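Colleague: One file: start_13.txt (compact mmCIF, C-alpha atoms).
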# COMPACT_ATOMS: atom_id res chain seq x y z
CA MET A 12 -11.07 11.29 22.54
CA ARG A 13 -10.64 10.86 18.77
CA ILE A 14 -10.06 13.96 16.66
CA LEU A 15 -10.08 13.78 12.87
CA VAL A 16 -7.29 15.96 11.44
CA LEU A 17 -7.45 16.64 7.73
CA SER A 18 -6.17 19.18 5.25
CA ASP A 19 -6.07 20.10 1.58
CA ILE A 20 -9.37 18.52 0.55
CA HIS A 21 -9.15 20.55 -2.66
CA ALA A 22 -12.73 20.07 -3.81
CA ASN A 23 -12.40 16.28 -4.04
CA TYR A 24 -15.69 15.08 -2.58
CA THR A 25 -15.11 11.42 -3.38
CA ALA A 26 -11.86 11.42 -1.42
CA LEU A 27 -13.43 13.37 1.44
CA MET A 28 -16.27 10.88 1.82
CA ALA A 29 -13.81 7.98 1.78
CA VAL A 30 -11.89 9.65 4.61
CA LEU A 31 -15.00 10.30 6.68
CA GLU A 32 -16.16 6.71 6.29
CA ASP A 33 -12.73 5.31 7.09
CA ALA A 34 -12.30 7.54 10.16
CA GLY A 35 -15.64 6.49 11.66
CA ASP A 36 -17.03 8.25 14.72
CA VAL A 37 -14.91 11.11 16.00
CA ASP A 38 -15.41 13.68 18.74
CA GLU A 39 -14.08 16.65 16.76
CA THR A 40 -12.88 17.54 13.26
CA TRP A 41 -9.93 19.84 12.67
CA CYS A 42 -9.49 20.99 9.08
CA LEU A 43 -6.25 22.82 8.28
CA GLY A 44 -7.52 24.57 5.16
CA ASP A 45 -7.74 24.44 1.38
CA VAL A 46 -11.22 23.00 1.18
CA VAL A 47 -11.43 24.24 -2.42
CA GLY A 48 -9.06 24.56 -5.37
CA TYR A 49 -8.06 22.04 -8.08
CA GLY A 50 -10.97 19.57 -7.84
CA PRO A 51 -14.51 19.34 -9.27
CA ASP A 52 -16.59 19.55 -6.08
CA PRO A 53 -16.10 22.84 -4.20
CA ASN A 54 -19.73 23.18 -3.11
CA ALA A 55 -20.17 19.56 -2.02
CA CYS A 56 -16.97 19.66 0.03
CA VAL A 57 -17.82 22.91 1.80
CA GLU A 58 -21.35 21.74 2.52
CA GLU A 59 -20.20 18.39 3.91
CA LEU A 60 -17.55 20.02 6.07
CA ARG A 61 -19.73 22.80 7.45
CA GLU A 62 -22.20 20.21 8.78
CA ARG A 63 -19.55 18.45 10.84
CA PRO A 64 -20.19 18.77 14.59
CA MET A 65 -17.40 20.26 16.70
CA LEU A 66 -15.59 21.61 13.66
CA THR A 67 -12.48 23.77 13.75
CA CYS A 68 -11.52 24.94 10.26
CA LEU A 69 -8.86 27.31 8.96
CA LEU A 70 -8.47 29.12 5.66
CA GLY A 71 -5.91 27.88 3.18
CA ASN A 72 -4.36 29.89 0.39
CA HIS A 73 -6.75 28.48 -2.25
CA ASP A 74 -9.74 29.25 -0.02
CA VAL A 75 -8.54 32.83 0.42
CA ALA A 76 -8.18 33.23 -3.34
CA ALA A 77 -11.58 31.69 -4.11
CA ILE A 78 -13.32 34.33 -2.01
CA GLY A 79 -11.37 37.18 -3.59
CA LYS A 80 -9.14 38.11 -0.66
CA ILE A 81 -5.88 37.70 -2.59
CA PRO A 82 -5.19 38.20 -6.31
CA LEU A 83 -5.25 35.12 -8.52
CA GLU A 84 -2.00 36.32 -10.09
CA MET A 85 -0.23 34.92 -7.03
CA PHE A 86 -0.90 31.39 -8.37
CA ASN A 87 0.60 29.52 -11.30
CA GLY A 88 -1.38 29.26 -14.54
CA ASP A 89 -3.14 25.93 -13.92
CA ALA A 90 -4.01 26.73 -10.32
CA ARG A 91 -5.33 30.10 -11.46
CA LEU A 92 -7.58 28.48 -14.08
CA SER A 93 -9.03 26.17 -11.45
CA LEU A 94 -9.66 29.04 -9.06
CA ILE A 95 -11.42 31.07 -11.76
CA TRP A 96 -13.79 28.13 -12.26
CA HIS A 97 -14.28 27.73 -8.50
CA GLU A 98 -15.15 31.41 -8.13
CA LYS A 99 -17.85 30.99 -10.77
CA VAL A 100 -19.48 27.87 -9.35
CA LEU A 101 -19.09 28.45 -5.59
CA ALA A 102 -22.52 29.08 -4.05
CA PRO A 103 -22.87 32.36 -2.12
CA SER A 104 -23.63 30.56 1.14
CA ASN A 105 -20.50 28.43 0.78
CA ALA A 106 -18.39 31.47 -0.05
CA ASP A 107 -19.80 33.12 3.08
CA PHE A 108 -18.77 30.08 5.13
CA LEU A 109 -15.22 30.37 3.84
CA ARG A 110 -15.22 34.10 4.61
CA SER A 111 -16.11 33.27 8.23
CA LEU A 112 -12.98 31.17 8.72
CA PRO A 113 -9.78 32.47 10.36
CA ASP A 114 -6.63 33.05 8.32
CA ASN A 115 -4.34 32.85 11.35
CA THR A 116 -3.25 30.11 13.74
CA LYS A 117 -5.59 28.57 16.29
CA VAL A 118 -4.76 26.73 19.51
CA ARG A 119 -6.77 23.66 20.51
CA ASN A 120 -5.78 21.63 23.56
CA ASP A 121 -1.97 21.59 23.48
CA VAL A 122 -1.85 21.96 19.69
CA THR A 123 -1.28 24.95 17.41
CA LEU A 124 -3.12 24.66 14.10
CA ALA A 125 -1.97 26.36 10.89
CA HIS A 126 -2.48 25.85 7.19
CA GLY A 127 1.05 26.66 6.08
CA SER A 128 3.14 27.28 9.19
CA PRO A 129 2.87 29.09 12.54
CA ARG A 130 5.26 31.71 11.17
CA ASP A 131 3.22 32.32 8.00
CA PRO A 132 -0.18 30.60 8.38
CA ILE A 133 -1.26 30.95 4.75
CA TRP A 134 1.80 30.65 2.53
CA GLU A 135 4.89 29.04 4.07
CA TYR A 136 5.66 25.38 3.36
CA ILE A 137 7.33 23.29 6.05
CA ILE A 138 9.10 20.75 3.86
CA ASN A 139 12.53 20.25 5.45
CA THR A 140 14.27 20.41 8.81
CA LEU A 141 15.47 23.99 8.22
CA SER A 142 11.96 25.39 7.70
CA ALA A 143 10.79 23.30 10.65
CA ARG A 144 13.54 24.63 12.91
CA LEU A 145 12.65 28.23 12.06
CA ASN A 146 9.02 27.57 13.00
CA PHE A 147 9.48 25.92 16.39
CA ASP A 148 10.05 29.41 17.80
CA TYR A 149 6.64 30.57 16.56
CA PHE A 150 4.39 28.35 18.68
CA ASP A 151 4.28 27.65 22.42
CA THR A 152 2.35 24.39 22.44
CA ASN A 153 4.00 20.98 22.33
CA TRP A 154 2.55 20.08 18.96
CA CYS A 155 1.75 21.99 15.79
CA PHE A 156 -0.39 20.55 12.98
CA VAL A 157 0.09 21.97 9.47
CA GLY A 158 -1.00 21.18 5.91
CA HIS A 159 -0.21 22.95 2.63
CA SER A 160 2.62 20.72 1.37
CA HIS A 161 0.31 17.74 0.65
CA ILE A 162 2.96 15.46 2.20
CA GLN A 163 2.19 13.22 5.17
CA CYS A 164 5.17 13.74 7.46
CA MET A 165 6.41 14.73 10.91
CA PHE A 166 9.22 16.83 12.32
CA MET A 167 10.34 15.86 15.83
CA LEU A 168 12.46 18.14 18.01
CA ASN A 169 14.97 16.60 20.41
CA GLU A 170 15.62 19.56 22.68
CA GLY A 171 18.45 17.82 24.54
CA LEU A 172 20.41 17.23 21.35
CA ASP A 173 19.04 20.35 19.63
CA ARG A 174 18.19 18.11 16.68
CA ILE A 175 15.20 17.95 14.35
CA THR A 176 14.32 14.79 12.47
CA LEU A 177 12.04 14.41 9.45
CA ASP A 178 10.13 11.14 9.12
CA SER A 179 7.23 9.64 7.21
CA PRO A 180 4.95 8.04 9.81
CA LYS A 181 3.91 4.43 9.32
CA VAL A 182 0.27 4.33 8.33
CA GLY A 183 -2.01 2.87 10.99
CA GLU A 184 0.58 2.91 13.77
CA PRO A 185 -0.13 5.49 16.50
CA ILE A 186 2.87 7.56 17.52
CA LYS A 187 3.15 8.73 21.11
CA SER A 188 5.26 11.73 22.00
CA ASN A 189 5.68 14.01 24.97
CA GLY A 190 8.15 16.21 23.11
CA ARG A 191 7.63 18.96 20.58
CA ALA A 192 6.67 18.13 17.03
CA ILE A 193 5.24 19.53 13.79
CA LEU A 194 2.94 17.05 12.05
CA ASN A 195 1.27 17.08 8.67
CA PRO A 196 -1.71 14.77 7.98
CA GLY A 197 -1.14 14.99 4.22
CA SER A 198 -3.75 15.87 1.62
CA VAL A 199 -7.23 14.40 1.36
CA GLY A 200 -7.86 15.42 -2.21
CA GLN A 201 -4.51 15.81 -3.94
CA PRO A 202 -1.62 13.92 -2.26
CA ARG A 203 1.89 14.72 -3.48
CA ASP A 204 3.98 12.12 -1.69
CA ARG A 205 3.73 9.45 -4.43
CA ASP A 206 0.83 7.73 -2.69
CA PRO A 207 -2.50 8.48 -4.41
CA ARG A 208 -4.60 7.36 -1.46
CA ALA A 209 -6.40 10.09 0.50
CA ALA A 210 -4.40 11.06 3.58
CA TYR A 211 -5.52 12.16 7.04
CA ALA A 212 -4.75 11.53 10.73
CA ILE A 213 -6.43 10.66 14.01
CA PHE A 214 -5.25 12.57 17.07
CA ASP A 215 -5.96 11.49 20.65
CA PRO A 216 -5.07 14.36 23.00
CA GLY A 217 -5.57 12.25 26.12
CA ALA A 218 -3.21 9.50 25.02
CA LYS A 219 -1.03 12.02 23.16
CA THR A 220 -1.03 9.89 20.03
CA TRP A 221 -1.03 10.72 16.33
CA GLU A 222 -2.03 8.07 13.81
CA ALA A 223 -1.38 8.69 10.12
CA ARG A 224 -3.95 7.08 7.86
CA ARG A 225 -4.55 6.46 4.12
CA VAL A 226 -7.65 5.28 2.30
CA GLU A 227 -8.28 4.37 -1.33
CA TYR A 228 -11.03 6.06 -3.34
CA ASP A 229 -12.29 6.02 -6.93
CA VAL A 230 -9.67 8.24 -8.55
CA LYS A 231 -10.89 7.63 -12.10
CA GLU A 232 -14.39 8.82 -11.24
CA VAL A 233 -12.95 12.10 -9.96
CA GLN A 234 -10.72 12.44 -13.02
CA ASP A 235 -13.71 11.95 -15.32
CA ARG A 236 -15.61 14.77 -13.60
CA MET A 237 -12.57 17.05 -13.70
CA ARG A 238 -12.35 16.51 -17.45
CA GLU A 239 -16.07 17.16 -17.85
CA ALA A 240 -15.55 20.48 -16.05
CA LYS A 241 -12.53 21.20 -18.32
CA LEU A 242 -10.23 21.65 -15.35
CA PRO A 243 -6.47 21.57 -16.03
CA GLU A 244 -5.28 18.18 -17.22
CA ARG A 245 -2.12 18.33 -15.11
CA HIS A 246 -4.16 18.39 -11.91
CA THR A 247 -6.33 15.59 -13.25
CA GLU A 248 -3.46 13.27 -14.18
CA ARG A 249 -1.51 13.68 -10.98
CA LEU A 250 -4.33 12.21 -8.86
CA ALA A 251 -3.54 8.71 -10.13
CA GLU A 252 0.10 8.80 -9.04
CA GLY A 253 0.07 11.15 -6.05
CA TRP A 254 2.64 13.61 -7.39
Now that the file is in, can you turn its structure into structure tokens?
Modeller:
Amino acid sequence: MRILVLSDIHANYTALMAVLEDAGDVDETWCLGDVVGYGPDPNACVEELRERPMLTCLLGNHDVAAIGKIPLEMFNGDARLSLIWHEKVLAPSNADFLRSLPDNTKVRNDVTLAHGSPRDPIWEYIINTLSARLNFDYFDTNWCFVGHSHIQCMFMLNEGLDRITLDSPKVGEPIKSNGRAILNPGSVGQPRDRDPRAAYAIFDPGAKTWEARRVEYDVKEVQDRMREAKLPERHTERLAEGW
């Protein structure tokens, strides 16, 4: 079985389509949230995602804000400006789709899914071994998949040594593990690990493998449309460098 795991699309339809083409045929799609926010294509991204067969999708913090469930004041100035624009352009049917999504963790196979973390599914970032250690007590499955940080990475727990390691997986090389781990597929639409390519992962629950992947897309074309929409320049510029 091949499961497409993706997160933080952030209204970047060009990147999303590159990921879907690169991934090829999959049996299921697991989206860890933040379909909207930042980018120029909130409606196209929601519509493409909602048509995926065997979809499991969670709410991210930007999704929650775009449908009015948390105040925009919780975001910094540029993120808030983008969300104001997304609120205006998001079609009612797409907003309704986002409202139908869960804002908590979900368990699929032997995997816990969360946008931020199992401890705080919407807001917490797992970005170091300390935050990872605190979260291993909040899920019972072997693996937990998270997004939110926009960084493609993995935290592996060695229970015998009581040690957690942080690594960046090698792209295109499946990792097999029978131990406990927290894995992040990275961001489709706005990577922040100094690699501008769209990030995602392929999970095979039968083989117990996780394969980190990256794919190039037309960044300039997306930047041009962001500027046409008068979205914040900082979010536009960072696409080219992945910061």
Colleague: To one decimal place, how far is CA of Ser160 in chain A from CA of Arg205 in chain A in Å?
Modeller: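 Taking CA of Ser160 in chain A as the start and CA of Arg205 in chain A as the end point, the length is 12.7 Å.
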Colleague: So how far away is CA of Gly88 in chain A from CA of Arg245 in chain A, in Å?
Modeller: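 Taking CA of Arg245 in chain A and CA of Gly88 in chain A, their separation equals 11.0 Å.
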Colleague: With only C-alpha atoms as the counted atoms, please give the residues lying no more than 8 Å from Val226 in chain A, apart from itself and same-chain residues fewer than 4 positions off, as a ChimeraX atom specification.
Modeller: /A:29-30,33,208-210
Colleague: Measure the distance from CA of Glu232 in chain A to CA of Met28 in chain A in Å and round it to one decimal.
Modeller: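 Between these atoms lies a distance of 13.4 Å.
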Colleague: Given all atoms listed in the file as the basis, pick out the residue of A:Pro180, A:Gly217, A:Gly35, A:Pro207 nearest to Glu248 in chain A.
Modeller: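 Of A:Pro180, A:Gly217, A:Gly35, A:Pro207, the one nearest Glu248 in chain A, counting all atoms listed in the file, is A:Pro207.
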Colleague: Could you check which of A:Leu66, A:Leu194, A:Ile95, A:Leu60 is closest to Lys241 in chain A, using only C-alpha atoms?
Modeller: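 Among the listed residues, the smallest separation from Lys241 in chain A belongs to A:Ile95.
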Colleague: Fewer than 3 positions away in the same chain doesn't count, so skip those; otherwise give me all residues within 9 Å of Leu43 in chain A, counting all atoms listed in the file, as a list in words.
Modeller: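 Returned residues: Val16, Leu17, Ser18, Asp19, Val46, Thr67, Cys68, Leu69, Leu70, Gly71, Leu124, Ala125, His126, Gly127, Phe156, Val157, Gly158 and His159 of chain A.
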Colleague: A:Glu184, A:Glu252, A:Asp151, A:Val57: which is nearest Ala106 in chain A, counting all atoms listed in the file?
Modeller: A:Val57
Colleague: Hey, what's within 7 Å of Arg13 in chain A if we count all atoms listed in the file and toss same-chain stuff fewer than 2 positions away? As a list in words, please?
Modeller: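 Here the qualifying residues turn out to be Leu15, Val37, Asp38, Ile213, Phe214 and Asp215 of chain A.
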Colleague: For Leu109 in chain A, work out the shell of residues within 8 Å, counting all atoms listed in the file and skipping chain neighbours fewer than 3 positions away, then give it as an MDAnalysis selection string.
Modeller: chainID A and resid 70 74:75 78 105:106 112
Colleague: Smallest atom-to-atom distance to Pro103 in chain A: which of A:Pro185, A:Gly200, A:Pro53, A:Pro243, using only C-alpha atoms?
Modeller: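 Comparing A:Pro185, A:Gly200, A:Pro53, A:Pro243 against Pro103 in chain A, the winner is A:Pro53.
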Colleague: Neighbours of Gly48 in chain A within 7 Å (only C-alpha atoms; same-chain residues fewer than 6 positions away dropped), as a list in words?
Modeller: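 Final neighbour list, sorted by chain and number: His21, Ala22, His73, Ser93, Leu94 and His97 of chain A.
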Colleague: When distances are computed from all atoms listed in the file, which of A:Thr176, A:Asn72, A:Thr247, A:Thr40 shows the smallest separation from Leu141 in chain A?
Modeller: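 So, comparing all the options, the nearest one is A:Thr176.
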Colleague: Taking into account only C-alpha atoms, which residue in the set A:Tyr149, A:Glu98, A:Glu62, A:Ile133 is nearest to Tyr49 in chain A?
Modeller: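 Of A:Tyr149, A:Glu98, A:Glu62, A:Ile133, the one nearest Tyr49 in chain A, counting only C-alpha atoms, is A:Glu98.
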